[in-house]
$ cat run_27.cif   # mmCIF, C-alpha atoms
data_protein
#
loop_
_atom_site.label_atom_id
_atom_site.label_comp_id
_atom_site.auth_asym_id
_atom_site.auth_seq_id
_atom_site.Cartn_x
_atom_site.Cartn_y
_atom_site.Cartn_z
CA MET A 1 158.71 -105.54 17.46
CA ASP A 2 155.83 -106.54 19.67
CA SER A 3 154.75 -109.83 18.04
CA ARG A 4 151.51 -109.96 19.97
CA ALA A 5 150.55 -106.46 18.79
CA LEU A 6 151.45 -107.39 15.21
CA ALA A 7 149.33 -110.53 15.40
CA GLU A 8 146.43 -108.49 16.74
CA LEU A 9 146.85 -105.99 13.90
CA GLN A 10 146.84 -108.82 11.37
CA ALA A 11 143.63 -110.19 12.89
CA LEU A 12 142.06 -106.74 12.76
CA ALA A 13 143.03 -106.40 9.09
CA ARG A 14 141.40 -109.73 8.29
CA ARG A 15 138.28 -108.74 10.18
CA ASP A 16 138.21 -105.37 8.41
CA ILE A 17 138.21 -107.15 5.03
CA GLU A 18 135.41 -109.44 6.19
CA LEU A 19 133.32 -106.49 7.35
CA SER A 20 133.98 -104.56 4.15
CA THR A 21 132.82 -107.55 2.11
CA ALA A 22 129.71 -107.98 4.27
CA ILE A 23 128.86 -104.29 3.89
CA ARG A 24 129.17 -104.46 0.10
CA GLU A 25 126.96 -107.55 0.00
CA LEU A 26 124.26 -105.91 2.10
CA GLU A 27 124.44 -102.75 0.01
CA LEU A 28 123.81 -104.85 -3.10
CA VAL A 29 120.82 -106.44 -1.38
CA ASP A 30 119.52 -102.99 -0.46
CA GLN A 31 119.87 -101.91 -4.10
CA ARG A 32 117.79 -104.91 -5.16
CA VAL A 33 115.16 -104.02 -2.56
CA ALA A 34 115.10 -100.43 -3.86
CA HIS A 35 114.69 -101.74 -7.42
CA ILE A 36 111.76 -103.93 -6.37
CA ARG A 37 110.14 -100.97 -4.63
CA ALA A 38 110.62 -98.66 -7.63
CA ARG A 39 109.22 -101.19 -10.07
CA PHE A 40 106.26 -102.04 -7.83
CA THR A 41 105.44 -98.36 -7.36
CA ALA A 42 105.53 -97.73 -11.12
CA ILE A 43 103.44 -100.80 -11.89
CA ASP A 44 100.93 -100.07 -9.14
CA ALA A 45 100.47 -96.50 -10.40
CA PHE A 46 99.96 -97.74 -13.95
CA LEU A 47 97.46 -100.44 -12.98
CA ALA A 48 95.49 -97.96 -10.87
CA THR A 49 94.87 -95.74 -13.89
CA TYR A 50 94.68 -98.47 -16.52
CA PRO A 51 90.87 -98.92 -16.64
CA GLU A 52 90.28 -95.19 -16.98
CA GLU A 53 92.99 -94.81 -19.62
CA GLU A 54 91.70 -97.81 -21.55
CA GLU A 55 88.18 -96.34 -21.59
CA ARG A 56 89.53 -92.96 -22.68
CA LEU A 57 91.36 -94.51 -25.62
CA ARG A 58 88.33 -96.61 -26.50
CA ALA A 59 86.21 -93.44 -26.65
CA ASN A 60 88.90 -91.69 -28.69
CA LEU A 61 88.94 -94.58 -31.13
CA ARG A 62 85.18 -94.47 -31.58
CA GLU A 63 85.38 -90.73 -32.21
CA ALA A 64 88.28 -91.14 -34.64
CA GLU A 65 86.51 -93.93 -36.55
CA ASP A 66 83.32 -91.86 -36.77
CA GLY A 67 85.37 -88.94 -38.04
CA LEU A 68 86.97 -91.15 -40.68
CA ILE A 69 83.55 -92.32 -41.86
CA THR A 70 82.42 -88.70 -42.17
CA ARG A 71 85.54 -87.70 -44.10
CA ARG A 72 85.12 -90.64 -46.47
CA GLU A 73 81.50 -89.65 -47.10
CA GLU A 74 82.66 -86.10 -47.84
CA LEU A 75 85.20 -87.49 -50.30
CA GLU A 76 82.53 -89.55 -52.03
CA ASP A 77 80.33 -86.44 -52.32
CA ALA A 78 83.24 -84.46 -53.75
CA GLU A 79 84.01 -87.22 -56.25
CA ARG A 80 80.36 -87.34 -57.37
CA THR A 81 80.39 -83.58 -57.76
CA LEU A 82 83.53 -83.82 -59.84
CA ALA A 83 82.02 -86.53 -62.02
CA ALA A 84 79.00 -84.33 -62.73
CA ALA A 85 80.92 -81.06 -63.10
CA THR A 86 80.94 -79.00 -66.26
CA ASP A 87 84.18 -77.83 -67.76
CA GLN A 88 83.87 -74.52 -65.94
CA GLU A 89 83.23 -76.31 -62.61
CA ARG A 90 85.89 -79.02 -62.97
CA GLU A 91 88.86 -77.11 -61.55
CA GLN A 92 87.06 -76.17 -58.35
CA ALA A 93 85.61 -79.68 -58.08
CA GLN A 94 89.10 -81.20 -58.41
CA LEU A 95 90.39 -78.92 -55.67
CA ALA A 96 87.50 -80.00 -53.46
CA VAL A 97 88.36 -83.66 -54.07
CA GLY A 98 92.00 -83.00 -53.17
CA ARG A 99 91.02 -81.30 -49.91
CA ALA A 100 88.65 -84.16 -49.10
CA GLN A 101 91.41 -86.70 -49.77
CA ASP A 102 93.76 -84.83 -47.42
CA ARG A 103 91.10 -84.83 -44.69
CA VAL A 104 90.56 -88.59 -45.16
CA ALA A 105 94.31 -89.19 -44.86
CA THR A 106 94.46 -87.11 -41.67
CA ALA A 107 91.47 -88.91 -40.17
CA ASP A 108 92.91 -92.29 -41.15
CA ALA A 109 96.24 -91.43 -39.50
CA ARG A 110 94.42 -90.42 -36.33
CA VAL A 111 92.64 -93.78 -36.21
CA ASP A 112 96.01 -95.56 -36.61
CA ARG A 113 97.56 -93.49 -33.81
CA VAL A 114 94.75 -94.21 -31.38
CA ARG A 115 94.77 -97.91 -32.26
CA GLN A 116 98.53 -98.04 -31.72
CA ALA A 117 98.19 -96.25 -28.37
CA SER A 118 95.52 -98.76 -27.33
CA GLU A 119 97.73 -101.68 -28.34
CA ASP A 120 100.70 -100.18 -26.46
CA LEU A 121 98.54 -99.71 -23.38
CA ARG A 122 97.31 -103.30 -23.45
CA ARG A 123 100.82 -104.62 -24.04
CA THR A 124 102.18 -102.61 -21.11
CA ASN A 125 99.35 -103.86 -18.93
CA ALA A 126 100.20 -107.46 -19.85
CA GLU A 127 103.92 -106.92 -19.23
CA PHE A 128 103.40 -105.19 -15.89
CA SER A 129 100.88 -107.79 -14.75
CA ALA A 130 103.43 -110.50 -15.56
CA GLU A 131 106.22 -108.61 -13.80
CA LEU A 132 104.44 -108.41 -10.44
CA PRO A 133 104.81 -112.15 -9.66
CA GLN A 134 108.46 -111.88 -10.68
CA LEU A 135 109.02 -109.08 -8.17
CA GLU A 136 107.28 -111.12 -5.49
CA SER A 137 109.55 -114.06 -6.35
CA GLN A 138 112.63 -111.84 -6.05
CA ALA A 139 111.44 -110.64 -2.63
CA ARG A 140 110.99 -114.23 -1.45
CA GLU A 141 114.42 -115.10 -2.82
CA LEU A 142 116.07 -112.27 -0.89
CA SER A 143 114.21 -113.24 2.27
CA ALA A 144 115.19 -116.90 1.89
CA ALA A 145 118.88 -116.03 1.55
CA PRO A 146 121.06 -116.10 4.67
CA SER A 147 119.90 -112.78 6.02
CA THR A 148 117.59 -111.23 8.57
CA LEU A 149 115.14 -109.89 6.01
CA PRO A 150 111.45 -110.45 6.81
CA ALA A 151 109.38 -112.66 4.55
CA PRO A 152 106.96 -110.85 2.23
CA GLY A 153 103.29 -111.07 3.09
CA THR A 154 100.33 -111.53 0.79
CA GLY A 155 97.94 -109.03 -0.69
CA PRO A 156 98.11 -106.15 -3.16
CA ASP A 157 100.19 -103.86 -0.93
CA ALA A 158 102.31 -106.55 0.73
CA LEU A 159 105.28 -106.00 -1.57
CA LEU A 160 105.44 -102.29 -0.79
CA VAL A 161 105.24 -103.00 2.94
CA TRP A 162 107.97 -105.62 2.58
CA THR A 163 110.37 -103.22 0.83
CA THR A 164 109.92 -100.70 3.64
CA ARG A 165 110.58 -103.30 6.33
CA ALA A 166 113.48 -104.85 4.39
CA HIS A 167 115.17 -101.48 3.87
CA ALA A 168 114.79 -100.66 7.57
CA THR A 169 116.30 -104.03 8.52
CA LEU A 170 119.21 -103.54 6.16
CA PHE A 171 119.77 -100.00 7.41
CA VAL A 172 120.14 -101.26 10.97
CA ALA A 173 122.46 -104.10 9.89
CA LEU A 174 124.61 -101.79 7.78
CA SER A 175 124.83 -99.26 10.60
CA GLN A 176 126.04 -101.97 12.99
CA LEU A 177 128.62 -103.25 10.52
CA ALA A 178 129.85 -99.72 9.86
CA ALA A 179 130.17 -99.10 13.61
CA ASP A 180 132.10 -102.35 14.04
CA ARG A 181 134.40 -101.44 11.18
CA ASP A 182 135.02 -97.95 12.58
CA ARG A 183 136.01 -99.51 15.89
CA ILE A 184 138.36 -101.98 14.19
CA VAL A 185 139.93 -99.23 12.10
CA ARG A 186 140.53 -97.12 15.21
CA GLU A 187 142.13 -100.06 17.04
CA ALA A 188 144.29 -100.90 14.03
CA SER A 189 145.40 -97.27 13.68
CA GLU A 190 146.38 -97.12 17.35
CA ILE A 191 148.39 -100.34 17.13
CA ALA A 192 150.11 -99.29 13.89
CA THR A 193 150.96 -95.91 15.38
CA MET A 194 152.40 -97.60 18.47
CA LEU A 195 154.50 -100.04 16.43
CA THR A 196 155.92 -97.51 13.98
CA GLY A 197 155.80 -94.25 15.85
CA VAL A 198 154.12 -92.74 12.79
CA ALA A 199 150.47 -91.66 12.89
CA ALA A 200 148.31 -94.16 11.00
CA TYR A 201 144.98 -92.46 11.50
CA GLY A 202 142.68 -92.31 8.50
CA LEU A 203 143.89 -95.63 7.15
CA THR A 204 141.96 -98.86 6.90
CA ALA A 205 143.17 -101.76 9.04
CA GLU A 206 144.70 -103.38 5.96
CA GLN A 207 146.49 -100.16 5.03
CA ALA A 208 147.72 -99.75 8.59
CA LEU A 209 149.14 -103.30 8.52
CA LYS A 210 150.93 -102.61 5.23
CA GLN A 211 152.44 -99.44 6.72
CA VAL A 212 153.77 -101.44 9.63
CA GLU A 213 155.20 -104.13 7.33
CA ILE A 214 156.93 -101.51 5.16
CA GLN A 215 158.46 -99.57 8.04
CA THR A 216 159.65 -102.60 9.94
#

$ encode --input "run_27.cif" --output "C-alpha coordinates"
Amino acid sequence: MDSRALAELQALARRDIELSTAIRELELVDQRVAHIRARFTAIDAFLATYPEEEERLRANLREAEDGLITRREELEDAERTLAAATDQEREQAQLAVGRAQDRVATADARVDRVRQASEDLRRTNAEFSAELPQLESQARELSAAPSTLPAPGTGPDALLVWTTRAHATLFVALSQLAADRDRIVREASEIATMLTGVAAYGLTAEQALKQVEIQT
(Lines of atoms letter the chains of each structure in order from A and count residues from 1; the text may use other names and numbers.)
(Lines give C-alpha, C1' and ligand atoms only; values in the text may rest on other atoms or scores of the structure.)
Protein backbone atom coordinates (compact mmCIF):
# COMPACT_ATOMS: atom_id res chain seq x y z
CA MET A 1 0.00 0.00 0.00
CA ASP A 2 1.13 3.52 -0.72
CA SER A 3 2.05 4.73 2.80
CA ARG A 4 2.27 8.35 1.71
CA ALA A 5 -1.24 8.23 0.23
CA LEU A 6 -2.54 6.57 3.40
CA ALA A 7 -0.93 9.24 5.56
CA GLU A 8 -2.49 11.94 3.39
CA LEU A 9 -5.89 10.26 3.71
CA GLN A 10 -5.51 10.13 7.48
CA ALA A 11 -4.66 13.83 7.54
CA LEU A 12 -7.68 14.59 5.38
CA ALA A 13 -9.90 12.59 7.74
CA ARG A 14 -8.62 14.56 10.72
CA ARG A 15 -9.16 17.83 8.89
CA ASP A 16 -12.67 16.73 7.87
CA ILE A 17 -13.56 16.15 11.53
CA GLU A 18 -12.15 19.55 12.45
CA LEU A 19 -14.18 21.26 9.74
CA SER A 20 -17.34 19.37 10.69
CA THR A 21 -16.91 20.48 14.30
CA ALA A 22 -16.29 24.09 13.24
CA ILE A 23 -19.40 24.05 11.05
CA ARG A 24 -21.57 22.75 13.89
CA GLU A 25 -20.20 25.41 16.23
CA LEU A 26 -20.93 28.21 13.77
CA GLU A 27 -24.40 26.83 13.10
CA LEU A 28 -25.10 26.98 16.84
CA VAL A 29 -23.90 30.58 16.90
CA ASP A 30 -26.17 31.37 13.95
CA GLN A 31 -29.10 29.82 15.83
CA ARG A 32 -28.37 32.08 18.80
CA VAL A 33 -28.22 35.09 16.49
CA ALA A 34 -31.58 34.07 14.97
CA HIS A 35 -33.04 33.73 18.47
CA ILE A 36 -31.83 37.22 19.42
CA ARG A 37 -33.35 38.63 16.24
CA ALA A 38 -36.69 36.89 16.80
CA ARG A 39 -36.93 38.04 20.40
CA PHE A 40 -35.91 41.61 19.56
CA THR A 41 -38.46 41.78 16.75
CA ALA A 42 -41.25 40.53 19.04
CA ILE A 43 -40.28 42.89 21.85
CA ASP A 44 -39.90 45.86 19.53
CA ALA A 45 -43.34 45.24 18.02
CA PHE A 46 -44.89 44.98 21.49
CA LEU A 47 -43.21 48.14 22.80
CA ALA A 48 -44.27 50.08 19.71
CA THR A 49 -47.94 49.39 20.42
CA TYR A 50 -47.76 49.38 24.22
CA PRO A 51 -48.78 53.01 24.87
CA GLU A 52 -51.81 52.73 22.60
CA GLU A 53 -52.84 49.38 24.07
CA GLU A 54 -52.39 50.65 27.61
CA GLU A 55 -54.61 53.66 26.88
CA ARG A 56 -57.22 51.42 25.25
CA LEU A 57 -57.38 49.19 28.32
CA ARG A 58 -57.47 52.20 30.61
CA ALA A 59 -60.50 53.53 28.69
CA ASN A 60 -62.12 50.09 28.78
CA LEU A 61 -61.61 49.95 32.53
CA ARG A 62 -63.23 53.34 33.04
CA GLU A 63 -66.18 52.23 30.92
CA ALA A 64 -66.46 48.92 32.76
CA GLU A 65 -66.31 50.60 36.18
CA ASP A 66 -68.96 53.13 35.14
CA GLY A 67 -71.12 50.27 33.92
CA LEU A 68 -70.69 48.47 37.23
CA ILE A 69 -71.77 51.60 39.13
CA THR A 70 -74.87 51.86 36.95
CA ARG A 71 -75.75 48.18 37.45
CA ARG A 72 -75.32 48.50 41.21
CA GLU A 73 -77.62 51.54 41.23
CA GLU A 74 -80.19 49.54 39.26
CA LEU A 75 -79.92 46.74 41.81
CA GLU A 76 -80.45 49.18 44.67
CA ASP A 77 -83.55 50.55 42.90
CA ALA A 78 -84.87 47.03 42.38
CA GLU A 79 -84.26 46.16 46.03
CA ARG A 80 -86.10 49.30 47.18
CA THR A 81 -88.97 48.43 44.88
CA LEU A 82 -89.06 44.94 46.33
CA ALA A 83 -89.05 46.29 49.88
CA ALA A 84 -92.05 48.50 49.09
CA ALA A 85 -93.93 45.94 46.98
CA THR A 86 -97.36 44.64 47.86
CA ASP A 87 -98.04 40.95 47.92
CA GLN A 88 -99.32 41.09 44.35
CA GLU A 89 -96.17 42.97 43.21
CA ARG A 90 -93.62 40.91 45.15
CA GLU A 91 -93.07 38.13 42.60
CA GLN A 92 -92.30 40.52 39.76
CA ALA A 93 -90.16 42.65 42.08
CA GLN A 94 -88.14 39.59 43.11
CA LEU A 95 -87.58 38.68 39.48
CA ALA A 96 -86.39 42.22 38.82
CA VAL A 97 -83.93 41.97 41.71
CA GLY A 98 -82.61 38.67 40.35
CA ARG A 99 -82.07 40.16 36.89
CA ALA A 100 -80.34 43.17 38.43
CA GLN A 101 -78.07 40.90 40.46
CA ASP A 102 -77.11 38.97 37.31
CA ARG A 103 -76.27 42.23 35.52
CA VAL A 104 -74.12 43.34 38.48
CA ALA A 105 -72.26 40.02 38.41
CA THR A 106 -71.66 40.36 34.66
CA ALA A 107 -70.44 43.94 35.02
CA ASP A 108 -68.22 42.99 37.95
CA ALA A 109 -66.66 40.15 35.93
CA ARG A 110 -65.97 42.53 33.06
CA VAL A 111 -64.14 44.90 35.41
CA ASP A 112 -62.03 41.98 36.68
CA ARG A 113 -61.19 40.89 33.13
CA VAL A 114 -60.09 44.35 32.05
CA ARG A 115 -58.05 44.82 35.22
CA GLN A 116 -56.36 41.46 34.66
CA ALA A 117 -55.62 42.35 31.04
CA SER A 118 -54.10 45.65 32.19
CA GLU A 119 -51.95 43.87 34.76
CA ASP A 120 -50.82 41.29 32.17
CA LEU A 121 -49.92 44.09 29.77
CA ARG A 122 -47.86 45.94 32.36
CA ARG A 123 -46.15 42.74 33.46
CA THR A 124 -45.25 41.87 29.86
CA ASN A 125 -43.94 45.38 29.33
CA ALA A 126 -41.71 45.05 32.41
CA GLU A 127 -40.46 41.62 31.33
CA PHE A 128 -39.74 42.69 27.76
CA SER A 129 -38.04 45.89 28.89
CA ALA A 130 -35.80 43.80 31.16
CA GLU A 131 -35.08 41.29 28.39
CA LEU A 132 -33.70 43.86 25.95
CA PRO A 133 -30.46 44.46 27.92
CA GLN A 134 -30.08 40.69 28.22
CA LEU A 135 -30.27 40.32 24.44
CA GLU A 136 -27.73 43.09 24.02
CA SER A 137 -25.46 41.31 26.50
CA GLN A 138 -25.80 38.05 24.55
CA ALA A 139 -24.88 39.88 21.33
CA ARG A 140 -21.76 41.35 22.97
CA GLU A 141 -20.87 37.91 24.32
CA LEU A 142 -21.09 36.34 20.87
CA SER A 143 -19.03 39.15 19.37
CA ALA A 144 -16.39 38.85 22.09
CA ALA A 145 -15.98 35.11 21.48
CA PRO A 146 -13.23 33.94 19.12
CA SER A 147 -15.10 34.75 15.94
CA THR A 148 -15.35 37.32 13.19
CA LEU A 149 -18.71 38.66 14.30
CA PRO A 150 -19.05 42.45 14.36
CA ALA A 151 -19.61 44.21 17.66
CA PRO A 152 -23.16 45.49 18.26
CA GLY A 153 -23.68 49.22 18.04
CA THR A 154 -25.80 51.45 20.23
CA GLY A 155 -29.29 52.79 19.75
CA PRO A 156 -32.80 51.38 19.56
CA ASP A 157 -32.31 49.59 16.23
CA ALA A 158 -28.66 48.59 16.72
CA LEU A 159 -29.51 45.05 17.80
CA LEU A 160 -31.56 44.38 14.69
CA VAL A 161 -28.78 45.74 12.49
CA TRP A 162 -26.27 43.59 14.35
CA THR A 163 -28.24 40.38 13.81
CA THR A 164 -28.39 41.08 10.08
CA ARG A 165 -24.65 41.72 9.87
CA ALA A 166 -23.82 38.77 12.13
CA HIS A 167 -25.95 36.37 10.08
CA ALA A 168 -24.32 37.58 6.86
CA THR A 169 -20.85 37.10 8.38
CA LEU A 170 -21.71 33.61 9.56
CA PHE A 171 -23.21 32.72 6.18
CA VAL A 172 -19.96 33.61 4.44
CA ALA A 173 -17.88 31.70 7.01
CA LEU A 174 -20.11 28.64 6.81
CA SER A 175 -20.04 28.71 3.01
CA GLN A 176 -16.22 28.78 3.05
CA LEU A 177 -16.02 25.91 5.54
CA ALA A 178 -18.50 23.88 3.52
CA ALA A 179 -16.47 24.49 0.35
CA ASP A 180 -13.27 23.44 2.13
CA ARG A 181 -14.95 20.31 3.43
CA ASP A 182 -16.30 19.42 -0.02
CA ARG A 183 -12.79 19.72 -1.42
CA ILE A 184 -11.34 17.52 1.34
CA VAL A 185 -14.07 14.92 0.86
CA ARG A 186 -13.38 14.80 -2.88
CA GLU A 187 -9.64 14.38 -2.30
CA ALA A 188 -10.23 11.69 0.31
CA SER A 189 -12.62 9.83 -2.01
CA GLU A 190 -10.08 9.90 -4.84
CA ILE A 191 -7.29 8.58 -2.61
CA ALA A 192 -9.50 5.86 -1.10
CA THR A 193 -10.65 4.81 -4.56
CA MET A 194 -7.03 4.64 -5.74
CA LEU A 195 -5.91 2.59 -2.73
CA THR A 196 -8.75 0.07 -2.79
CA GLY A 197 -9.89 0.05 -6.37
CA VAL A 198 -13.44 0.49 -5.08
CA ALA A 199 -15.36 3.73 -5.63
CA ALA A 200 -15.51 5.73 -2.40
CA TYR A 201 -17.50 8.67 -3.70
CA GLY A 202 -20.27 9.97 -1.47
CA LEU A 203 -18.39 9.11 1.70
CA THR A 204 -16.93 11.50 4.24
CA ALA A 205 -13.15 11.53 4.59
CA GLU A 206 -13.44 9.56 7.82
CA GLN A 207 -15.69 6.98 6.16
CA ALA A 208 -13.32 6.73 3.22
CA LEU A 209 -10.40 6.08 5.61
CA LYS A 210 -12.37 3.35 7.39
CA GLN A 211 -13.14 1.71 4.04
CA VAL A 212 -9.46 1.66 3.21
CA GLU A 213 -8.55 0.22 6.62
CA ILE A 214 -11.17 -2.53 6.28
CA GLN A 215 -10.21 -3.55 2.75
CA THR A 216 -6.49 -3.55 3.37

$ resolve_selection --input "run_27.cif" --expression "the PyMOL selection byres ((chain A and resi 125-135) around 12)" --output "PyMOL selection string"
chain A and resi 32-51+53-54+118-124+136-142+152+154-160+162-163

$ write_last_selection --input "run_27.cif" --atoms "C-alpha atoms" --output "PDB file, in the frame of the given file"
ATOM      1  CA  ARG A  32     117.790-104.910  -5.160  1.00  0.00           C
ATOM      2  CA  VAL A  33     115.160-104.020  -2.560  1.00  0.00           C
ATOM      3  CA  ALA A  34     115.100-100.430  -3.860  1.00  0.00           C
ATOM      4  CA  HIS A  35     114.690-101.740  -7.420  1.00  0.00           C
ATOM      5  CA  ILE A  36     111.760-103.930  -6.370  1.00  0.00           C
ATOM      6  CA  ARG A  37     110.140-100.970  -4.630  1.00  0.00           C
ATOM      7  CA  ALA A  38     110.620 -98.660  -7.630  1.00  0.00           C
ATOM      8  CA  ARG A  39     109.220-101.190 -10.070  1.00  0.00           C
ATOM      9  CA  PHE A  40     106.260-102.040  -7.830  1.00  0.00           C
ATOM     10  CA  THR A  41     105.440 -98.360  -7.360  1.00  0.00           C
ATOM     11  CA  ALA A  42     105.530 -97.730 -11.120  1.00  0.00           C
ATOM     12  CA  ILE A  43     103.440-100.800 -11.890  1.00  0.00           C
ATOM     13  CA  ASP A  44     100.930-100.070  -9.140  1.00  0.00           C
ATOM     14  CA  ALA A  45     100.470 -96.500 -10.400  1.00  0.00           C
ATOM     15  CA  PHE A  46      99.960 -97.740 -13.950  1.00  0.00           C
ATOM     16  CA  LEU A  47      97.460-100.440 -12.980  1.00  0.00           C
ATOM     17  CA  ALA A  48      95.490 -97.960 -10.870  1.00  0.00           C
ATOM     18  CA  THR A  49      94.870 -95.740 -13.890  1.00  0.00           C
ATOM     19  CA  TYR A  50      94.680 -98.470 -16.520  1.00  0.00           C
ATOM     20  CA  PRO A  51      90.870 -98.920 -16.640  1.00  0.00           C
ATOM     21  CA  GLU A  53      92.990 -94.810 -19.620  1.00  0.00           C
ATOM     22  CA  GLU A  54      91.700 -97.810 -21.550  1.00  0.00           C
ATOM     23  CA  SER A 118      95.520 -98.760 -27.330  1.00  0.00           C
ATOM     24  CA  GLU A 119      97.730-101.680 -28.340  1.00  0.00           C
ATOM     25  CA  ASP A 120     100.700-100.180 -26.460  1.00  0.00           C
ATOM     26  CA  LEU A 121      98.540 -99.710 -23.380  1.00  0.00           C
ATOM     27  CA  ARG A 122      97.310-103.300 -23.450  1.00  0.00           C
ATOM     28  CA  ARG A 123     100.820-104.620 -24.040  1.00  0.00           C
ATOM     29  CA  THR A 124     102.180-102.610 -21.110  1.00  0.00           C
ATOM     30  CA  GLU A 136     107.280-111.120  -5.490  1.00  0.00           C
ATOM     31  CA  SER A 137     109.550-114.060  -6.350  1.00  0.00           C
ATOM     32  CA  GLN A 138     112.630-111.840  -6.050  1.00  0.00           C
ATOM     33  CA  ALA A 139     111.440-110.640  -2.630  1.00  0.00           C
ATOM     34  CA  ARG A 140     110.990-114.230  -1.450  1.00  0.00           C
ATOM     35  CA  GLU A 141     114.420-115.100  -2.820  1.00  0.00           C
ATOM     36  CA  LEU A 142     116.070-112.270  -0.890  1.00  0.00           C
ATOM     37  CA  PRO A 152     106.960-110.850   2.230  1.00  0.00           C
ATOM     38  CA  THR A 154     100.330-111.530   0.790  1.00  0.00           C
ATOM     39  CA  GLY A 155      97.940-109.030  -0.690  1.00  0.00           C
ATOM     40  CA  PRO A 156      98.110-106.150  -3.160  1.00  0.00           C
ATOM     41  CA  ASP A 157     100.190-103.860  -0.930  1.00  0.00           C
ATOM     42  CA  ALA A 158     102.310-106.550   0.730  1.00  0.00           C
ATOM     43  CA  LEU A 159     105.280-106.000  -1.570  1.00  0.00           C
ATOM     44  CA  LEU A 160     105.440-102.290  -0.790  1.00  0.00           C
ATOM     45  CA  TRP A 162     107.970-105.620   2.580  1.00  0.00           C
ATOM     46  CA  THR A 163     110.370-103.220   0.830  1.00  0.00           C
TER      47      THR A 163
END

$ residues_around --input "run_27.cif" --residues "Leu9 (chain A)" --least-positions-apart "4" --cutoff "12 Å" --atoms "all atoms listed in the file" --output "JSON, numbers by chain"
{"A": [2, 3, 4, 5, 13, 14, 15, 16, 184, 185, 186, 187, 188, 189, 190, 191, 192, 193, 194, 195, 204, 205, 206, 207, 208, 209, 210, 211, 212, 213]}

$ atom_distance --input "run_27.cif" --atom1 "CA of Ala100 (chain A)" --atom2 "CA of Ala78 (chain A)"
7.1 Å

$ atom_distance --input "run_27.cif" --atom1 "CA of Val29 (chain A)" --atom2 "CA of Ile17 (chain A)"
18.5 Å

$ closest_atom_pairs --input "run_27.cif" --of "region 101-205 of chain A" --to "region 66-74 of chain A" --cutoff "8 Å" --atoms "all atoms listed in the file" --output "CSV"
residue,atom,partner,partner_atom,distance
A:Arg103,CA,A:Arg71,CA,6.3
A:Val104,CA,A:Arg71,CA,5.2
A:Ala107,CA,A:Leu68,CA,5.1
A:Asp108,CA,A:Leu68,CA,6.1
A:Val111,CA,A:Leu68,CA,7.7

$ axis_aligned_box --input "run_27.cif" --around "region 141-150 of chain A" --padding-each-side "5 Å" --output "JSON"
{"center_x": 116.3, "center_y": -113.4, "center_z": 2.9, "size_x": 19.6, "size_y": 17.0, "size_z": 21.4}

$ atom_distance --input "run_27.cif" --atom1 "CA of Glu65 (chain A)" --atom2 "CA of Asp112 (chain A)"
9.6 Å

$ resolve_selection --input "run_27.cif" --expression "the PyMOL selection byres ((chain A and resi 96) around 12)" --output "list in words"
Glu74, Leu75, Glu76, Asp77, Ala78, Glu79, Arg80, Thr81, Leu82, Ala85, Glu89, Arg90, Glu91, Gln92, Ala93, Gln94, Leu95, Val97, Gly98, Arg99, Ala100, Gln101, Asp102 and Arg103 of chain A
